[in-house]
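Chemist: Quick one: this structure, given as structure tokens, is what I'll be asking you about.
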Amino acid sequence: MIKQAIIPLAGLGTRLLPLTSVFAKELLPINGKPGIEYIIEECIDAGINEIIFIISDKKIMIKNYFYNDKFYKNIIKKKKDPRIINEYKKILKYKKMIKFVFQNKPLGTGDAVIKAKRFIKDKYFLMLLPDDLIVKKNCSKAMISVHNKFKGSVMASMKVNKKTVSRWGIYNISKKINKDNFLIKGVVEKPNPNQAPSNNAVIGRYILPRTIFKKLTNQKPGKGGEIHITDAIQSLINDNEIFIGHNFLGKYLDCGTMNGYIKSSLEIAKL
Ligand code: UTP
């Protein structure tokens, strides 16, 4: 059973500057609610009962958002506003599930994941990248079903226009399992359109084995001097760990770029 999720939140968010110069991008509102709350709701609905947030000292406001009890209690005492009471109850529910760990130097997603090592109890865990919102259908829930059926690791995949493959991590497919799932041979980072092994792109939802921590601990920095999660995944695939690509059914919203962030509010307002 997959019951734990980890969410790396320690990145700098440079693509959303100036919004992120003093503010954590995951708390930016998307249609009136911080983006991170959509991700937490996806986890809860998928049956997750513990979430590990990897933050940094610079993004301590993310922890403060869930630990502002004194403030809420004072306001509620004075105003007795049912809306605020409900919001506070929701924050308390989230807070109970979340553990915080710190990655104070953004050395890459793989390095962020290592920080959660001591909390992961089961053989597999879920990882979500909070810039990638998936609405309409719960992608994590669907991936957990795939994992329960095939017993391996699972990664989210979306078919993209062949001309745009150079913007994405692209799957090298070993073989098709059924309409929505395929076995992965590897991932190619941002290939030229004429060299891309497919047009299935990597999206930020992963079911990973606990053995990835060992890989990451011994891993040398890759592209751009960062420790990448994809390098550890490739190494696990080379060791015969089963990785399945899952073409999810929900709608993908990229909240990590300014254009995508603006569009995401408009899309969610339409739901
Ligand atoms: P990205 O590289 O896509 O986002 O990391 P970023 O670094 O936050 O933003 P840009 O690229 O400068 O605009 C994907 C996810 O991994 C986290 C980020 O917070 C984001 O959620 N991350 C990235 C870490 O937690 N630590 C890192 O060292 C790098």
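Here's how to read the names in the structure tokens: chain A, B, ... by the order shown, residue numbers from 1 in each chain, ligand numbers from 1 in the order shown.
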Give me the residues near range 222-232 of chain A as a list in words, where near means some atom within 10 Å (using only C-alpha atoms) and where sequence neighbours in that chain fewer than 4 positions away do not count.

Modeler: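 Using only C-alpha atoms, the neighbours found are Pro106, Leu107, Gly108, Thr109, Gly110, Asp111, Ala112, Val113, Ile114, Gly169, Gly186, Val187, Val188, Glu189, Val202, Thr211, Ile212, Phe213, Lys214, Lys215, Leu216, Thr217, Asn218, Leu236, Ile237 and Asn238 of chain A.
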
Chemist: Residues as selected, N, CA, C and O atoms, written as a compact mmCIF listing (two decimals), in the first residue's frame, can you do that?

Modeler:
```txt
# COMPACT_ATOMS: atom_id res chain seq x y z
N PRO A 106 19.81 24.40 -3.04
CA PRO A 106 19.07 23.70 -4.11
C PRO A 106 20.00 22.96 -5.06
O PRO A 106 20.30 23.43 -6.15
N LEU A 107 20.42 21.78 -4.64
CA LEU A 107 21.39 21.01 -5.44
C LEU A 107 20.71 20.06 -6.43
O LEU A 107 21.36 19.20 -7.01
N GLY A 108 19.39 20.17 -6.56
CA GLY A 108 18.68 19.34 -7.52
C GLY A 108 17.58 18.51 -6.87
O GLY A 108 17.59 18.30 -5.65
N THR A 109 16.64 18.04 -7.71
CA THR A 109 15.49 17.28 -7.18
C THR A 109 15.94 16.00 -6.47
O THR A 109 15.37 15.62 -5.45
N GLY A 110 16.98 15.36 -7.01
CA GLY A 110 17.47 14.12 -6.40
C GLY A 110 18.01 14.37 -5.01
O GLY A 110 17.74 13.62 -4.07
N ASP A 111 18.74 15.48 -4.86
CA ASP A 111 19.29 15.84 -3.55
C ASP A 111 18.14 16.16 -2.58
O ASP A 111 18.21 15.81 -1.39
N ALA A 112 17.09 16.79 -3.09
CA ALA A 112 15.93 17.10 -2.23
C ALA A 112 15.30 15.80 -1.71
O ALA A 112 14.99 15.68 -0.52
N VAL A 113 15.16 14.82 -2.62
CA VAL A 113 14.53 13.54 -2.25
C VAL A 113 15.32 12.84 -1.14
O VAL A 113 14.73 12.31 -0.19
N ILE A 114 16.65 12.89 -1.20
CA ILE A 114 17.47 12.23 -0.17
C ILE A 114 17.10 12.72 1.23
O ILE A 114 17.11 11.95 2.19
N GLY A 169 11.34 15.97 -20.70
CA GLY A 169 11.97 14.67 -20.56
C GLY A 169 11.09 13.71 -21.35
O GLY A 169 9.86 13.72 -21.19
N GLY A 186 13.88 3.94 -20.59
CA GLY A 186 14.68 5.07 -20.12
C GLY A 186 14.02 6.40 -20.39
O GLY A 186 12.91 6.45 -20.93
N VAL A 187 14.71 7.46 -20.00
CA VAL A 187 14.19 8.81 -20.22
C VAL A 187 15.30 9.63 -20.88
O VAL A 187 16.45 9.59 -20.45
N VAL A 188 14.95 10.35 -21.94
CA VAL A 188 15.92 11.19 -22.63
C VAL A 188 15.55 12.64 -22.34
O VAL A 188 14.42 13.06 -22.59
N GLU A 189 16.49 13.40 -21.78
CA GLU A 189 16.21 14.80 -21.44
C GLU A 189 16.21 15.68 -22.68
O GLU A 189 17.19 15.71 -23.42
N VAL A 202 7.56 13.23 -19.61
CA VAL A 202 7.52 12.98 -18.16
C VAL A 202 6.81 14.14 -17.47
O VAL A 202 7.15 15.30 -17.67
N THR A 211 14.57 1.91 -2.62
CA THR A 211 15.97 1.64 -3.03
C THR A 211 16.59 2.85 -3.76
O THR A 211 17.80 2.91 -3.93
N ILE A 212 15.74 3.79 -4.17
CA ILE A 212 16.28 4.97 -4.88
C ILE A 212 17.19 5.80 -3.98
O ILE A 212 18.10 6.48 -4.44
N PHE A 213 16.97 5.73 -2.66
CA PHE A 213 17.79 6.54 -1.75
C PHE A 213 19.27 6.13 -1.83
O PHE A 213 20.16 6.97 -1.78
N LYS A 214 19.48 4.82 -1.93
CA LYS A 214 20.85 4.32 -2.01
C LYS A 214 21.52 4.82 -3.31
O LYS A 214 22.66 5.27 -3.30
N LYS A 215 20.74 4.76 -4.39
CA LYS A 215 21.26 5.25 -5.68
C LYS A 215 21.63 6.73 -5.57
O LYS A 215 22.68 7.16 -6.02
N LEU A 216 20.72 7.51 -4.96
CA LEU A 216 20.93 8.96 -4.89
C LEU A 216 22.13 9.33 -4.02
O LEU A 216 22.85 10.27 -4.30
N THR A 217 22.31 8.57 -2.94
CA THR A 217 23.40 8.87 -2.01
C THR A 217 24.76 8.72 -2.71
O THR A 217 25.69 9.47 -2.44
N ASN A 218 24.84 7.75 -3.62
CA ASN A 218 26.13 7.52 -4.30
C ASN A 218 26.25 8.26 -5.64
O ASN A 218 27.24 8.11 -6.34
N LEU A 236 18.26 2.71 -11.76
CA LEU A 236 17.39 1.62 -11.26
C LEU A 236 16.87 0.76 -12.42
O LEU A 236 16.79 -0.46 -12.31
N ILE A 237 16.50 1.43 -13.53
CA ILE A 237 16.02 0.69 -14.71
C ILE A 237 17.13 -0.24 -15.22
O ILE A 237 16.90 -1.40 -15.55
N ASN A 238 18.36 0.28 -15.24
CA ASN A 238 19.50 -0.54 -15.68
C ASN A 238 19.68 -1.76 -14.77
O ASN A 238 20.17 -2.80 -15.20
```

Chemist: Enumerate residues in contact with ligand 1: an atom-to-atom distance of at most 9 Å, counting only C-alpha atoms and all ligand atoms. Format the result as a ChimeraX atom specification.

Modeler: /A:7-17,25-26,53-56,103-113,128-132,204,226-228,256-257

Chemist: Which neighbours of Lys179 in chain A fall inside 12 Å, counting only C-alpha atoms, when residues of the same chain fewer than 2 positions from it are skipped, and could you give them as a PDB file with N, CA and C atoms, in the first residue's frame?

Modeler:
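What landed in selection.pdb:
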```
ATOM      1  N   LYS A 175       8.014  -1.488 -24.125  1.00  0.00           N
ATOM      2  CA  LYS A 175       6.861  -2.087 -24.825  1.00  0.00           C
ATOM      3  C   LYS A 175       5.557  -1.594 -24.209  1.00  0.00           C
ATOM      4  N   LYS A 176       4.498  -1.643 -25.032  1.00  0.00           N
ATOM      5  CA  LYS A 176       3.187  -1.207 -24.580  1.00  0.00           C
ATOM      6  C   LYS A 176       2.585  -2.293 -23.685  1.00  0.00           C
ATOM      7  N   ILE A 177       1.984  -1.918 -22.561  1.00  0.00           N
ATOM      8  CA  ILE A 177       1.308  -2.916 -21.716  1.00  0.00           C
ATOM      9  C   ILE A 177      -0.178  -2.945 -22.073  1.00  0.00           C
ATOM     10  N   ASN A 181      -0.789   2.329 -20.398  1.00  0.00           N
ATOM     11  CA  ASN A 181       0.469   2.042 -19.678  1.00  0.00           C
ATOM     12  C   ASN A 181       1.508   1.382 -20.582  1.00  0.00           C
ATOM     13  N   PHE A 182       2.788   1.735 -20.321  1.00  0.00           N
ATOM     14  CA  PHE A 182       3.874   1.124 -21.097  1.00  0.00           C
ATOM     15  C   PHE A 182       5.090   0.924 -20.199  1.00  0.00           C
ATOM     16  N   LEU A 183       5.903  -0.018 -20.604  1.00  0.00           N
ATOM     17  CA  LEU A 183       7.134  -0.309 -19.864  1.00  0.00           C
ATOM     18  C   LEU A 183       8.233   0.647 -20.335  1.00  0.00           C
ATOM     19  N   GLY A 245       5.243   3.661 -17.449  1.00  0.00           N
ATOM     20  CA  GLY A 245       4.760   4.998 -17.802  1.00  0.00           C
ATOM     21  C   GLY A 245       3.248   4.949 -17.865  1.00  0.00           C
ATOM     22  N   HIS A 246       2.592   5.903 -17.216  1.00  0.00           N
ATOM     23  CA  HIS A 246       1.128   5.910 -17.189  1.00  0.00           C
ATOM     24  C   HIS A 246       0.608   7.180 -17.862  1.00  0.00           C
ATOM     25  N   ASN A 247      -0.100   7.006 -18.984  1.00  0.00           N
ATOM     26  CA  ASN A 247      -0.744   8.153 -19.649  1.00  0.00           C
ATOM     27  C   ASN A 247      -1.995   8.526 -18.868  1.00  0.00           C
ATOM     28  N   PHE A 248      -1.899   9.598 -18.098  1.00  0.00           N
ATOM     29  CA  PHE A 248      -3.020   9.952 -17.210  1.00  0.00           C
ATOM     30  C   PHE A 248      -4.159  10.625 -17.988  1.00  0.00           C
ATOM     31  N   LEU A 249      -5.344  10.591 -17.361  1.00  0.00           N
ATOM     32  CA  LEU A 249      -6.527  11.090 -18.057  1.00  0.00           C
ATOM     33  C   LEU A 249      -6.874  12.544 -17.715  1.00  0.00           C
TER      34      LEU A 249
END
```

Chemist: Quote the spacing between CA of Lys70 in chain A and CA of Lys115 in chain A in Å to one decimal place.

Modeler: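 Taking CA of Lys70 in chain A as the start and CA of Lys115 in chain A as the end point, the length is 29.4 Å.
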
Chemist: Pick out the closest residue to Phe66 in chain A from this set: A:Ile91, A:Ala196, A:Ile120, A:Ile51. Count only C-alpha atoms.

Modeler: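 Using only C-alpha atoms, the shortest distance to Phe66 in chain A belongs to A:Ile91.
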
Chemist: Excluding same-chain residues fewer than 6 positions from Leu208 in chain A, what lies within 8 Å of it counting only C-alpha atoms, as an MDAnalysis selection string?

Modeler: chainID A and resid 124:127 153:154
